[in-house]
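Asks: This is the structure, below, for whatever I ask next.
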Amino acid sequence: MFQNDLLKGKTIIVTGGGTGLGKAMATRCAQLGAQLVLTSRDLGHLEPTAEEMRKQGADVLTVPCDVRQPESVEAMVAKAIERFGKLDGLVNNAAGNFLCPSEKLSYNGFNSIVQIVLYGAFNCTTTVGRQFIKQGTGGTILSICTTYAWTGSAYVLPSAVAKSGVLIMTRSLAVEWARHKIRLNAIAPGPFPTEGAWSRLAPPGMGEEMIAKKIPAGRFGRHDELANLAAYLLADGSGYITGECVTIDGGEWLMGGEFNEYTKHDPTAVAQMMEMMRPKK
Ligand code: HXC
Ligand code: NAP
């Protein structure tokens, strides 16, 4: 789909880059010549992915960082600069999510998701943005959003409000930072099977079937399809695209909001099912 050196010489940070879609996007960027900084809370998620990528010849730095903590983000970016000298791209991919009836949601439950998704994206975007401005080179910031950022969705209220904020941040800064040659775009994926999302959002025997049935394309997304879209938006060839959110969902959102289907079931059974999915401490 692309020339092999599409991203040659570019240094790209991927938050949540050790697992799922972050791993897929990071791997594709590395195949296209980029140097990668993989970051998330757990080095145990980052190092195995980095090792796989290094075996394919990629130059990869792993830095543990909690995107909720501004100092942690600043330290991560400083390590990236120390190693690679400059930055060209950031993928705001780290997220937290779970299904929960909103009347049962605790303050801390709401806060933890909003802190990871919205504050995390803000912390990374402004820290990397300042670096782009300092370098004078410009750069590209890509945020992984969701289609319910504009439709809303039952049972994922904190994620919906946070992703919606990330989308508006993308559009606001696309205007404000255009003069610094910084582009900001978003991707809204439909359902792409990952361990992280499926274990929290697709209740066994109910979720997966329900989601697949309502996708006009009749299937889930493939990781390589998302990774190619991300590579395109990070590449110089898409230089006139900014403030945009590209949906990649097989037509799913046009058929109705993401988890709204659950409202058609008995609410007590739904609440019990969601409670069963909750990790036991
Ligand atoms: C209700 C829950 C809950 C659940 C946690 N909480 N899980 N409430 N239902 N299933 C509450 C806890 O009780 C606690 O509140 C608060 O949330 C914080 O929980 P902790 O476990 O202490 O938080 P932490 O260790 O920081 O973990 C964050 C996390 C966890 C978000 C809860 O799931 C995580 O680490 N997630 C990262 C990966 C992830 O979520 N990936 C999925 C992304 S998929 P109290 O009040 O008890 O203190 C995605 C897809 C979108 O976004 C679209 C799909 C189509
Ligand atoms: P995932 O594998 O669970 O990815 C989430 C990542 O975020 C993990 O690598 C996790 O790593 C990291 N993370 C969580 N909290 C963090 C924190 N405080 N600081 C730093 N990193 C943190 O799930 P995924 O499905 O690939 O999701 C990736 C992105 O796609 C998310 O933005 C999600 O909302 C979006 N998305 C996914 C789907 C889908 O169907 N899969 C659909 C729409 C949108 P650690 O645990 O190591 O911190």
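In the structure tokens, each chain is lettered A, B, ... as it comes, each chain's residues begin at 1, and ligands are numbered from 1 in order of appearance.
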Could you tell me, as a list in words, which residues of segment 128-243 of chain A DSSP assigns to strand (DSSP E) when given the backbone?
Replies: Gly139, Thr140, Ile141, Leu142, Ser143, Ile144, Ile182, Arg183, Leu184, Asn185, Ala186, Ile187, Ala188 and Pro189 of chain A
Asks: Tell me, as a PyMOL selection string, which residues lie within 9 Å of segment 159-171 of chain A, counting only C-alpha atoms; anything in the same chain fewer than 2 positions away does not count.
Replies: chain A and resi 95-98+110+113-119+121-122+141-154+156-157+173-176+183-186+242-245
Asks: Quick one: residues within 9 Å of segment 215-223 of chain A, only C-alpha atoms counted, chain neighbours fewer than 3 positions away excluded, as a PyMOL selection string?
Replies: chain A and resi 20-21+24-25+189-193+211-212+226-228+248-255
Asks: Applying 7 Å and only C-alpha atoms, which residues near Gly16 of chain A remain after dropping the ones on its own chain fewer than 2 positions away? List them as a PDB file with all heavy atoms, in the first residue's frame.
Replies:
```
ATOM      1  N   VAL A  14       4.187   6.238  20.601  1.00  0.00           N
ATOM      2  CA  VAL A  14       2.858   5.614  20.645  1.00  0.00           C
ATOM      3  C   VAL A  14       2.540   5.281  22.102  1.00  0.00           C
ATOM      4  O   VAL A  14       3.212   4.431  22.715  1.00  0.00           O
ATOM      5  CB  VAL A  14       2.793   4.331  19.780  1.00  0.00           C
ATOM      6  CG1 VAL A  14       1.393   3.722  19.831  1.00  0.00           C
ATOM      7  CG2 VAL A  14       3.180   4.642  18.327  1.00  0.00           C
ATOM      8  N   GLY A  18       2.373  -1.074  23.627  1.00  0.00           N
ATOM      9  CA  GLY A  18       2.792  -2.462  23.839  1.00  0.00           C
ATOM     10  C   GLY A  18       1.726  -3.488  23.527  1.00  0.00           C
ATOM     11  O   GLY A  18       2.024  -4.673  23.384  1.00  0.00           O
ATOM     12  N   THR A  19       0.468  -3.044  23.439  1.00  0.00           N
ATOM     13  CA  THR A  19      -0.630  -4.023  23.281  1.00  0.00           C
ATOM     14  C   THR A  19      -1.596  -3.585  22.172  1.00  0.00           C
ATOM     15  O   THR A  19      -1.584  -2.426  21.740  1.00  0.00           O
ATOM     16  CB  THR A  19      -1.455  -4.156  24.585  1.00  0.00           C
ATOM     17  OG1 THR A  19      -2.143  -2.913  24.812  1.00  0.00           O
ATOM     18  CG2 THR A  19      -0.595  -4.496  25.789  1.00  0.00           C
ATOM     19  N   GLY A  22      -2.350  -0.215  19.584  1.00  0.00           N
ATOM     20  CA  GLY A  22      -1.115   0.574  19.683  1.00  0.00           C
ATOM     21  C   GLY A  22       0.059  -0.213  19.135  1.00  0.00           C
ATOM     22  O   GLY A  22       0.891   0.299  18.377  1.00  0.00           O
ATOM     23  N   THR A  39       5.326   3.535  24.919  1.00  0.00           N
ATOM     24  CA  THR A  39       5.173   3.902  26.320  1.00  0.00           C
ATOM     25  C   THR A  39       3.815   3.474  26.866  1.00  0.00           C
ATOM     26  O   THR A  39       2.816   3.509  26.158  1.00  0.00           O
ATOM     27  CB  THR A  39       5.398   5.427  26.489  1.00  0.00           C
ATOM     28  OG1 THR A  39       5.351   5.750  27.862  1.00  0.00           O
ATOM     29  CG2 THR A  39       4.365   6.250  25.739  1.00  0.00           C
ATOM     30  N   SER A  40       3.826   3.014  28.120  1.00  0.00           N
ATOM     31  CA  SER A  40       2.593   2.730  28.873  1.00  0.00           C
ATOM     32  C   SER A  40       3.032   2.475  30.310  1.00  0.00           C
ATOM     33  O   SER A  40       4.213   2.630  30.624  1.00  0.00           O
ATOM     34  CB  SER A  40       1.846   1.522  28.289  1.00  0.00           C
ATOM     35  OG  SER A  40       2.482   0.316  28.632  1.00  0.00           O
ATOM     36  N   ASN A  93      -2.935   6.848  22.057  1.00  0.00           N
ATOM     37  CA  ASN A  93      -3.672   5.597  21.916  1.00  0.00           C
ATOM     38  C   ASN A  93      -4.050   4.996  23.283  1.00  0.00           C
ATOM     39  O   ASN A  93      -5.003   4.231  23.376  1.00  0.00           O
ATOM     40  CB  ASN A  93      -2.809   4.620  21.105  1.00  0.00           C
ATOM     41  CG  ASN A  93      -3.321   3.203  21.172  1.00  0.00           C
ATOM     42  OD1 ASN A  93      -4.285   2.845  20.491  1.00  0.00           O
ATOM     43  ND2 ASN A  93      -2.702   2.371  22.010  1.00  0.00           N
ATOM     44  N   ALA A  94      -3.316   5.354  24.328  1.00  0.00           N
ATOM     45  CA  ALA A  94      -3.588   4.776  25.654  1.00  0.00           C
ATOM     46  C   ALA A  94      -5.024   5.076  26.074  1.00  0.00           C
ATOM     47  O   ALA A  94      -5.535   6.169  25.827  1.00  0.00           O
ATOM     48  CB  ALA A  94      -2.623   5.359  26.689  1.00  0.00           C
TER      49      ALA A  94
END
```
Asks: Out of A:Met1, A:Ala230, A:Ala50, A:Leu201, which residue has the shortest atom-to-atom distance to ligand 1 when counting only C-alpha atoms and all ligand atoms?
Replies: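 Nearest to ligand 1: A:Leu201.
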Asks: Looking at only C-alpha atoms and all ligand atoms, which of A:Thr27, A:Thr125, A:Asn111, A:Thr140 is the one that sits closest to ligand 1?
Replies: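 Between A:Thr27, A:Thr125, A:Asn111, A:Thr140, the residue approaching ligand 1 most closely is A:Asn111.
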Asks: Which residue gives the smallest distance to Gly129 of chain A among A:Ile81, A:Met273, A:Ile182, A:Leu38, with only C-alpha atoms counted?
Replies: A:Ile182
Asks: Go through A:Ile12, A:Ala271, A:Ala231, A:Leu105 and flag the residue nearest Ala80 of chain A, using only C-alpha atoms for the distances.
Replies: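 Among the listed residues, the smallest separation from Ala80 of chain A belongs to A:Ile12.
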Asks: Would you please extract all alpha helix (DSSP H) residues from segment 142-241 of chain A, as assigned by DSSP on the backbone, and give them as a count of residues only?
Replies: 50
Asks: Name all residues at most 10 Å from Cys65 of chain A (count only C-alpha atoms; drop same-chain ones fewer than 4 positions away) and give them as a PyMOL selection string.
Replies: chain A and resi 15-16+38-43+69-77
